[in-house]
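Coordinates as given in start_20.pdb (PDB, C-alpha atoms, pLDDT in the B column):
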```pdb
MODEL        1
ATOM      1  CA  MET H   1      63.398 -45.235-193.862  1.00 83.00           C
ATOM      2  CA  GLU H   2      65.937 -48.067-193.766  1.00 92.00           C
ATOM      3  CA  ALA H   3      65.133 -51.355-192.089  1.00 95.00           C
ATOM      4  CA  PRO H   4      67.601 -54.067-191.037  1.00 97.00           C
ATOM      5  CA  LEU H   5      67.723 -57.073-193.357  1.00 97.00           C
ATOM      6  CA  LEU H   6      69.700 -60.276-192.854  1.00 97.00           C
ATOM      7  CA  LEU H   7      70.651 -61.878-196.143  1.00 98.00           C
ATOM      8  CA  ARG H   8      71.377 -65.590-195.854  1.00 97.00           C
ATOM      9  CA  ILE H   9      73.075 -67.298-198.802  1.00 98.00           C
ATOM     10  CA  GLU H  10      72.992 -71.100-198.783  1.00 97.00           C
ATOM     11  CA  GLY H  11      75.089 -72.900-201.372  1.00 98.00           C
ATOM     12  CA  SER H  12      75.070 -76.598-202.181  1.00 98.00           C
ATOM     13  CA  HIS H  13      76.754 -78.898-204.714  1.00 97.00           C
ATOM     14  CA  LEU H  14      80.211 -77.314-204.579  1.00 98.00           C
ATOM     15  CA  PRO H  15      82.540 -78.211-207.477  1.00 96.00           C
ATOM     16  CA  GLY H  16      85.491 -79.542-205.481  1.00 96.00           C
ATOM     17  CA  ARG H  17      88.820 -78.221-204.312  1.00 96.00           C
ATOM     18  CA  SER H  18      90.442 -79.063-207.652  1.00 94.00           C
ATOM     19  CA  CYS H  19      88.818 -77.823-210.860  1.00 88.00           C
ATOM     20  CA  PRO H  20      90.310 -79.299-214.026  1.00 85.00           C
ATOM     21  CA  ALA H  21      90.992 -77.289-217.146  1.00 85.00           C
ATOM     22  CA  GLY H  22      88.398 -77.095-219.905  1.00 81.00           C
ATOM     23  CA  PRO H  23      87.385 -74.870-222.828  1.00 81.00           C
ATOM     24  CA  GLY H  24      88.027 -71.289-221.750  1.00 80.00           C
ATOM     25  CA  PHE H  25      88.961 -72.422-218.246  1.00 78.00           C
ATOM     26  CA  PRO H  26      92.602 -73.004-217.268  1.00 88.00           C
ATOM     27  CA  GLY H  27      91.863 -75.088-214.159  1.00 89.00           C
ATOM     28  CA  PHE H  28      92.721 -74.282-210.550  1.00 95.00           C
ATOM     29  CA  GLU H  29      93.783 -75.968-207.305  1.00 95.00           C
ATOM     30  CA  ASN H  30      92.806 -75.227-203.685  1.00 97.00           C
ATOM     31  CA  VAL H  31      89.573 -73.590-204.822  1.00 97.00           C
ATOM     32  CA  HIS H  32      87.491 -71.625-202.301  1.00 98.00           C
ATOM     33  CA  VAL H  33      84.351 -69.469-202.530  1.00 98.00           C
ATOM     34  CA  GLY H  34      83.336 -66.471-200.434  1.00 98.00           C
ATOM     35  CA  VAL H  35      81.310 -63.269-200.557  1.00 98.00           C
ATOM     36  CA  GLN H  36      83.254 -60.334-201.996  1.00 97.00           C
ATOM     37  CA  ARG H  37      83.304 -57.116-199.995  1.00 97.00           C
ATOM     38  CA  LYS H  38      82.059 -54.085-201.939  1.00 96.00           C
ATOM     39  CA  ASP H  39      84.740 -52.818-204.331  1.00 91.00           C
ATOM     40  CA  ARG H  40      87.418 -55.131-202.845  1.00 91.00           C
ATOM     41  CA  PRO H  41      87.896 -58.245-205.044  1.00 86.00           C
ATOM     42  CA  GLY H  42      90.635 -59.662-202.807  1.00 85.00           C
ATOM     43  CA  GLU H  43      88.597 -59.422-199.599  1.00 92.00           C
ATOM     44  CA  VAL H  44      86.048 -62.190-199.115  1.00 96.00           C
ATOM     45  CA  LEU H  45      83.791 -63.148-196.241  1.00 97.00           C
ATOM     46  CA  GLY H  46      83.835 -66.766-195.137  1.00 96.00           C
ATOM     47  CA  PRO H  47      86.093 -68.395-197.727  1.00 96.00           C
ATOM     48  CA  THR H  48      84.804 -71.961-197.955  1.00 98.00           C
ATOM     49  CA  PRO H  49      86.752 -74.845-199.512  1.00 98.00           C
ATOM     50  CA  GLY H  50      85.338 -76.045-202.831  1.00 98.00           C
ATOM     51  CA  ASP H  51      84.960 -79.574-201.475  1.00 97.00           C
ATOM     52  CA  ALA H  52      82.830 -78.587-198.466  1.00 98.00           C
ATOM     53  CA  PRO H  53      79.387 -80.229-198.225  1.00 97.00           C
ATOM     54  CA  GLY H  54      77.786 -76.771-198.355  1.00 98.00           C
ATOM     55  CA  ALA H  55      78.446 -73.077-197.793  1.00 98.00           C
ATOM     56  CA  ARG H  56      76.528 -70.453-195.815  1.00 97.00           C
ATOM     57  CA  TRP H  57      76.976 -66.764-195.339  1.00 98.00           C
ATOM     58  CA  THR H  58      74.860 -64.258-193.401  1.00 97.00           C
ATOM     59  CA  LEU H  59      75.184 -60.621-194.395  1.00 98.00           C
ATOM     60  CA  GLU H  60      73.912 -57.716-192.340  1.00 97.00           C
ATOM     61  CA  CYS H  61      72.187 -55.351-194.758  1.00 98.00           C
ATOM     62  CA  THR H  62      69.580 -52.632-194.780  1.00 97.00           C
ATOM     63  CA  ALA H  63      66.585 -52.231-197.064  1.00 96.00           C
ATOM     64  CA  ALA H  64      64.775 -49.048-198.036  1.00 92.00           C
ATOM     65  CA  ALA H  65      61.845 -48.347-200.335  1.00 87.00           C
ATOM     66  CA  GLU H  66      62.795 -46.194-203.322  1.00 87.00           C
ATOM     67  CA  ALA H  67      60.897 -45.004-206.386  1.00 84.00           C
ATOM     68  CA  ASP H  68      61.954 -48.053-208.438  1.00 82.00           C
ATOM     69  CA  GLY H  69      61.601 -50.676-205.683  1.00 84.00           C
ATOM     70  CA  VAL H  70      63.531 -51.802-202.624  1.00 91.00           C
ATOM     71  CA  ALA H  71      67.207 -50.893-202.373  1.00 94.00           C
ATOM     72  CA  VAL H  72      69.363 -53.324-200.415  1.00 97.00           C
ATOM     73  CA  ARG H  73      72.604 -51.904-199.037  1.00 96.00           C
ATOM     74  CA  GLY H  74      75.503 -53.188-196.988  1.00 97.00           C
ATOM     75  CA  PRO H  75      79.259 -53.711-196.958  1.00 97.00           C
ATOM     76  CA  TYR H  76      78.966 -56.735-199.289  1.00 98.00           C
ATOM     77  CA  VAL H  77      76.355 -55.261-201.646  1.00 98.00           C
ATOM     78  CA  GLN H  78      77.742 -54.008-204.957  1.00 97.00           C
ATOM     79  CA  ASN H  79      75.988 -51.186-206.818  1.00 94.00           C
ATOM     80  CA  ARG H  80      76.691 -50.891-210.534  1.00 86.00           C
ATOM     81  CA  LEU H  81      74.754 -50.137-213.674  1.00 78.00           C
ATOM     82  CA  GLY H  82      71.992 -52.693-213.774  1.00 78.00           C
ATOM     83  CA  GLY H  83      71.360 -52.662-210.040  1.00 91.00           C
ATOM     84  CA  ARG H  84      72.479 -53.928-206.684  1.00 96.00           C
ATOM     85  CA  PHE H  85      73.914 -57.411-206.231  1.00 97.00           C
ATOM     86  CA  VAL H  86      76.211 -59.666-204.234  1.00 98.00           C
ATOM     87  CA  TYR H  87      79.270 -61.355-205.726  1.00 98.00           C
ATOM     88  CA  LEU H  88      80.206 -64.900-204.791  1.00 98.00           C
ATOM     89  CA  SER H  89      83.902 -64.935-205.625  1.00 98.00           C
ATOM     90  CA  TRP H  90      85.792 -68.071-206.573  1.00 97.00           C
ATOM     91  CA  GLY H  91      89.503 -68.100-206.009  1.00 96.00           C
ATOM     92  CA  THR H  92      92.540 -70.016-204.970  1.00 96.00           C
ATOM     93  CA  VAL H  93      94.128 -69.774-201.549  1.00 94.00           C
ATOM     94  CA  GLY H  94      97.917 -69.804-201.648  1.00 93.00           C
ATOM     95  CA  ALA H  95     100.337 -71.134-199.046  1.00 93.00           C
ATOM     96  CA  ASP H  96     100.500 -67.566-197.723  1.00 94.00           C
ATOM     97  CA  GLY H  97      96.731 -67.636-197.085  1.00 91.00           C
ATOM     98  CA  LEU H  98      95.995 -65.007-199.731  1.00 92.00           C
ATOM     99  CA  PHE H  99      92.814 -65.363-201.788  1.00 94.00           C
ATOM    100  CA  THR H 100      93.202 -64.773-205.542  1.00 94.00           C
ATOM    101  CA  MET H 101      89.897 -64.446-207.393  1.00 95.00           C
ATOM    102  CA  PHE H 102      89.456 -66.112-210.791  1.00 94.00           C
ATOM    103  CA  ARG H 103      85.678 -66.189-211.306  1.00 93.00           C
ATOM    104  CA  ARG H 104      82.496 -64.680-209.802  1.00 96.00           C
ATOM    105  CA  ALA H 105      78.782 -65.377-209.626  1.00 98.00           C
ATOM    106  CA  LYS H 106      76.425 -62.397-209.450  1.00 97.00           C
ATOM    107  CA  LEU H 107      73.274 -62.573-207.298  1.00 98.00           C
ATOM    108  CA  MET H 108      71.050 -59.704-208.456  1.00 97.00           C
ATOM    109  CA  PHE H 109      68.383 -58.223-206.194  1.00 96.00           C
ATOM    110  CA  ALA H 110      66.498 -57.239-209.371  1.00 95.00           C
ATOM    111  CA  ASP H 111      65.898 -60.989-209.892  1.00 96.00           C
ATOM    112  CA  VAL H 112      64.041 -61.309-206.576  1.00 97.00           C
ATOM    113  CA  ASP H 113      60.268 -61.338-207.049  1.00 96.00           C
ATOM    114  CA  PRO H 114      59.010 -57.948-205.735  1.00 94.00           C
ATOM    115  CA  ALA H 115      56.473 -59.694-203.466  1.00 94.00           C
ATOM    116  CA  VAL H 116      59.255 -61.841-201.957  1.00 96.00           C
ATOM    117  CA  LEU H 117      61.461 -58.791-201.431  1.00 95.00           C
ATOM    118  CA  ALA H 118      58.592 -56.890-199.766  1.00 93.00           C
ATOM    119  CA  ALA H 119      57.929 -59.863-197.481  1.00 95.00           C
ATOM    120  CA  ALA H 120      61.657 -60.042-196.684  1.00 96.00           C
ATOM    121  CA  VAL H 121      61.669 -56.407-195.633  1.00 94.00           C
ATOM    122  CA  ARG H 122      58.735 -57.143-193.294  1.00 93.00           C
ATOM    123  CA  SER H 123      60.349 -60.289-191.836  1.00 94.00           C
ATOM    124  CA  GLY H 124      63.889 -58.887-191.778  1.00 96.00           C
ATOM    125  CA  HIS H 125      65.189 -61.992-193.597  1.00 97.00           C
ATOM    126  CA  LEU H 126      65.996 -62.759-197.219  1.00 97.00           C
ATOM    127  CA  THR H 127      67.358 -66.184-198.128  1.00 97.00           C
ATOM    128  CA  ALA H 128      69.035 -67.267-201.369  1.00 98.00           C
ATOM    129  CA  ARG H 129      69.543 -70.974-202.102  1.00 98.00           C
ATOM    130  CA  LEU H 130      71.599 -72.113-205.065  1.00 98.00           C
ATOM    131  CA  PRO H 131      73.923 -74.832-206.336  1.00 98.00           C
ATOM    132  CA  LEU H 132      77.526 -73.660-206.598  1.00 98.00           C
ATOM    133  CA  SER H 133      78.484 -75.846-209.582  1.00 96.00           C
ATOM    134  CA  ASP H 134      77.516 -75.222-213.195  1.00 93.00           C
ATOM    135  CA  GLY H 135      76.312 -77.930-215.601  1.00 90.00           C
ATOM    136  CA  GLY H 136      79.928 -78.987-216.234  1.00 87.00           C
ATOM    137  CA  GLY H 137      80.753 -79.348-212.553  1.00 90.00           C
ATOM    138  CA  ARG H 138      82.881 -76.188-212.468  1.00 91.00           C
ATOM    139  CA  PRO H 139      82.404 -73.161-210.177  1.00 95.00           C
ATOM    140  CA  LEU H 140      79.125 -71.414-210.965  1.00 96.00           C
ATOM    141  CA  CYS H 141      79.691 -67.989-212.504  1.00 95.00           C
ATOM    142  CA  ALA H 142      77.970 -65.071-214.271  1.00 96.00           C
ATOM    143  CA  ARG H 143      74.496 -63.809-213.369  1.00 97.00           C
ATOM    144  CA  VAL H 144      72.549 -66.460-211.478  1.00 98.00           C
ATOM    145  CA  ARG H 145      68.817 -66.222-212.179  1.00 97.00           C
ATOM    146  CA  PRO H 146      65.773 -68.136-211.023  1.00 97.00           C
ATOM    147  CA  PRO H 147      65.093 -71.015-211.190  1.00 97.00           C
ATOM    148  CA  VAL H 148      68.796 -71.781-210.542  1.00 98.00           C
ATOM    149  CA  ILE H 149      68.646 -69.506-207.488  1.00 98.00           C
ATOM    150  CA  GLU H 150      65.650 -69.635-205.164  1.00 98.00           C
ATOM    151  CA  TRP H 151      64.854 -66.480-203.182  1.00 98.00           C
ATOM    152  CA  SER H 152      62.564 -66.544-200.130  1.00 97.00           C
ATOM    153  CA  ALA H 153      61.566 -64.372-197.195  1.00 96.00           C
ATOM    154  CA  ALA H 154      61.483 -67.321-194.824  1.00 79.00           C
ATOM    155  CA  VAL H 155      63.447 -67.068-191.613  1.00 73.00           C
ATOM    156  CA  PRO H 156      66.237 -69.641-192.053  1.00 66.00           C
ATOM    157  CA  GLU H 157      66.486 -72.566-189.685  1.00 66.00           C
ATOM    158  CA  ARG H 158      69.416 -72.600-187.309  1.00 60.00           C
ATOM    159  CA  PRO H 159      72.270 -74.862-188.449  1.00 56.00           C
TER     160      PRO H 159
ENDMDL
END
```
Would you mind giving the structure from this file in structure tokens?
Amino acid sequence: MEAPLLLRIEGSHLPGRSCPAGPGFPGFENVHVGVQRKDRPGEVLGPTPGDAPGARWTLECTAAAEADGVAVRGPYVQNRLGGRFVYLSWGTVGADGLFTMFRRAKLMFADVDPAVLAAAVRSGHLTARLPLSDGGGRPLCARVRPPVIEWSAAVPERP
């Protein structure tokens, strides 16, 4: 049986609107971050400027117990080999308002402690807190694992 689950993602320490070039990174201007819709890299929820003081997204999901654990589903939940996850997509926003992705961070549900995920299903809330810059001050990318990301079942405070 599926239960409603609100996923709240709270990002801090954004890298800035301008990201200079570096090794393996060409550099970008007018940088934004948002949550990628499933199978649609150009469609992001809540594009937030890279120089914002923080970023927050709330995703309406469902959760269901399966043989290998809890399966989280929703329009922003990807499902590939290796499990279910959410992409935070980094991109530029052109003068035409179009978002062009250049980098992504992957938030894997397999990295959530099973006890935390079970508690989240009971409470109806799962919260992820993470910095959005890497050690070099550039947009955080690749798989983001604890302790960089902190998962909890706490009901988030109202902004």
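Residue membership of the PyMOL selection byres ((chain H and resi 34) around 7) in the shown file amounts to H:His32, H:Val33, H:Val35, H:Gln36, H:Val44, H:Leu45, H:Gly46, H:Pro47, H:Thr48, H:Leu88, H:Ser89, H:Trp90.
Separating atom CA of Phe25 of chain H from atom CA of Ile9 of chain H is a distance of 25.6 Å.
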Suppose a student applies the PyMOL selection byres ((chain H and resi 139) around 8) to this structure; what residues should they get, written as an MDAnalysis selection string? chainID H and resid 14:15 19 90 103 132:134 137:138 140:141
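The smallest atom-to-atom distance between Pro20 of chain H and any of H:Gly82, H:Pro75, H:Gly136, H:Pro114, using all atoms listed in the file, is found for H:Gly136.
If you measure from each of H:Arg104, H:Arg129, H:Arg56, H:Arg84 to Pro41 of chain H using all atoms listed in the file, the closest one turns out to be H:Arg104.
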Nearest residue to Asp51 of chain H out of H:Arg37, H:Arg143, H:Arg80, H:Arg17, using only C-alpha atoms? H:Arg17
Using only C-alpha atoms, which of H:Thr62, H:Thr100, H:Asn79, H:Thr92 sits nearest Gly124 of chain H? H:Thr62
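Each of H:Ser18, H:Thr58, H:Ser12, H:Ser152 was checked against Val116 of chain H using all atoms listed in the file; the smallest atom-to-atom distance is that of H:Ser152.
The space between atom CA of Phe28 of chain H and atom CA of Arg40 of chain H spans 21.3 Å.
You can rank H:Glu2, H:Ala65, H:Pro23, H:Asn30 by their closest distance to Ala95 of chain H using only C-alpha atoms, and at the top of that list sits H:Asn30.
Note that the spacing between atom CA of Pro146 of chain H and atom CA of Pro26 of chain H amounts to 28.0 Å.
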Once the PyMOL selection byres ((chain H and resi 61) around 9) has been evaluated on this model, what residues remain selected, and can you format them as a PyMOL selection string? chain H and resi 3-7+59-60+62-63+72-77
Need to verify the contact set: Glu150 of chain H, 10 Å, all atoms listed in the file, exclusion of same-chain residues closer than 4 positions in sequence. Can you return it as a list in words? Glu10, Asp111, Val112, Thr127, Ala128, Arg129, Leu130, Pro131, Val144, Arg145 and Pro146 of chain H
Test item: axis-aligned box, all listed atoms of segment 27-37 of chain H, 3 Å on each side, centre and edges in Å rounded to one decimal, as lines of an AutoDock Vina configuration file:
```
center_x = 87.5
center_y = -66.5
center_z = -207.1
size_x = 18.5
size_y = 24.9
size_z = 20.2
```
Would you kindly return, as a PyMOL selection string, each protein, DNA or RNA residue with an atom no farther than 6 Å from any atom of Ala153 of chain H, considering all atoms listed in the file and excluding same-chain residues fewer than 3 positions away? chain H and resi 116+119-120+125-126
For segment 23-50 of chain H, where the input has fewer atoms than it should, I would like N, CA and C atoms rebuilt and written as a compact mmCIF listing (two decimals), in the coordinates of the input.
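rebuild_33.txt written:
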```txt
# COMPACT_ATOMS: atom_id res chain seq x y z
N PRO H 23 87.46 -75.97 -221.86
CA PRO H 23 87.38 -74.87 -222.83
C PRO H 23 87.17 -73.52 -222.13
N GLY H 24 88.12 -72.62 -222.34
CA GLY H 24 88.03 -71.29 -221.75
C GLY H 24 88.24 -71.26 -220.25
N PHE H 25 88.77 -72.32 -219.69
CA PHE H 25 88.96 -72.42 -218.25
C PHE H 25 90.29 -73.12 -217.99
N PRO H 26 91.27 -72.42 -217.41
CA PRO H 26 92.60 -73.00 -217.27
C PRO H 26 92.73 -74.07 -216.18
N GLY H 27 91.77 -74.14 -215.26
CA GLY H 27 91.86 -75.09 -214.16
C GLY H 27 92.57 -74.46 -212.97
N PHE H 28 92.16 -74.86 -211.77
CA PHE H 28 92.72 -74.28 -210.55
C PHE H 28 92.75 -75.32 -209.44
N GLU H 29 93.65 -75.11 -208.48
CA GLU H 29 93.78 -75.97 -207.30
C GLU H 29 93.51 -75.15 -206.05
N ASN H 30 93.14 -75.84 -204.98
CA ASN H 30 92.81 -75.23 -203.68
C ASN H 30 91.75 -74.14 -203.84
N VAL H 31 90.67 -74.51 -204.51
CA VAL H 31 89.57 -73.59 -204.82
C VAL H 31 88.71 -73.33 -203.58
N HIS H 32 88.36 -72.06 -203.38
CA HIS H 32 87.49 -71.62 -202.30
C HIS H 32 86.46 -70.64 -202.87
N VAL H 33 85.37 -70.44 -202.15
CA VAL H 33 84.35 -69.47 -202.53
C VAL H 33 83.98 -68.65 -201.29
N GLY H 34 83.75 -67.36 -201.51
CA GLY H 34 83.34 -66.47 -200.43
C GLY H 34 82.57 -65.29 -201.00
N VAL H 35 82.06 -64.45 -200.14
CA VAL H 35 81.31 -63.27 -200.56
C VAL H 35 82.27 -62.09 -200.61
N GLN H 36 82.32 -61.45 -201.79
CA GLN H 36 83.25 -60.33 -202.00
C GLN H 36 82.75 -59.07 -201.31
N ARG H 37 83.63 -58.42 -200.59
CA ARG H 37 83.30 -57.12 -200.00
C ARG H 37 83.18 -56.09 -201.12
N LYS H 38 82.31 -55.11 -200.92
CA LYS H 38 82.06 -54.08 -201.94
C LYS H 38 83.37 -53.42 -202.38
N ASP H 39 83.60 -53.47 -203.69
CA ASP H 39 84.74 -52.82 -204.33
C ASP H 39 86.10 -53.34 -203.89
N ARG H 40 86.14 -54.55 -203.29
CA ARG H 40 87.42 -55.13 -202.84
C ARG H 40 87.49 -56.60 -203.27
N PRO H 41 87.89 -56.87 -204.52
CA PRO H 41 87.90 -58.24 -205.04
C PRO H 41 88.75 -59.23 -204.25
N GLY H 42 89.77 -58.76 -203.56
CA GLY H 42 90.64 -59.66 -202.81
C GLY H 42 90.15 -59.93 -201.40
N GLU H 43 89.09 -59.26 -200.97
CA GLU H 43 88.60 -59.42 -199.60
C GLU H 43 87.27 -60.16 -199.64
N VAL H 44 87.27 -61.38 -199.10
CA VAL H 44 86.05 -62.19 -199.12
C VAL H 44 85.66 -62.62 -197.71
N LEU H 45 84.37 -62.68 -197.50
CA LEU H 45 83.79 -63.15 -196.24
C LEU H 45 83.62 -64.66 -196.30
N GLY H 46 84.07 -65.33 -195.28
CA GLY H 46 83.84 -66.77 -195.14
C GLY H 46 84.32 -67.63 -196.27
N PRO H 47 85.62 -67.52 -196.65
CA PRO H 47 86.09 -68.40 -197.73
C PRO H 47 85.89 -69.86 -197.34
N THR H 48 85.19 -70.57 -198.21
CA THR H 48 84.80 -71.96 -197.96
C THR H 48 85.47 -72.85 -198.99
N PRO H 49 86.11 -73.93 -198.56
CA PRO H 49 86.75 -74.84 -199.51
C PRO H 49 85.75 -75.40 -200.52
N GLY H 50 86.20 -75.56 -201.75
CA GLY H 50 85.34 -76.04 -202.83
C GLY H 50 84.86 -77.47 -202.66
```
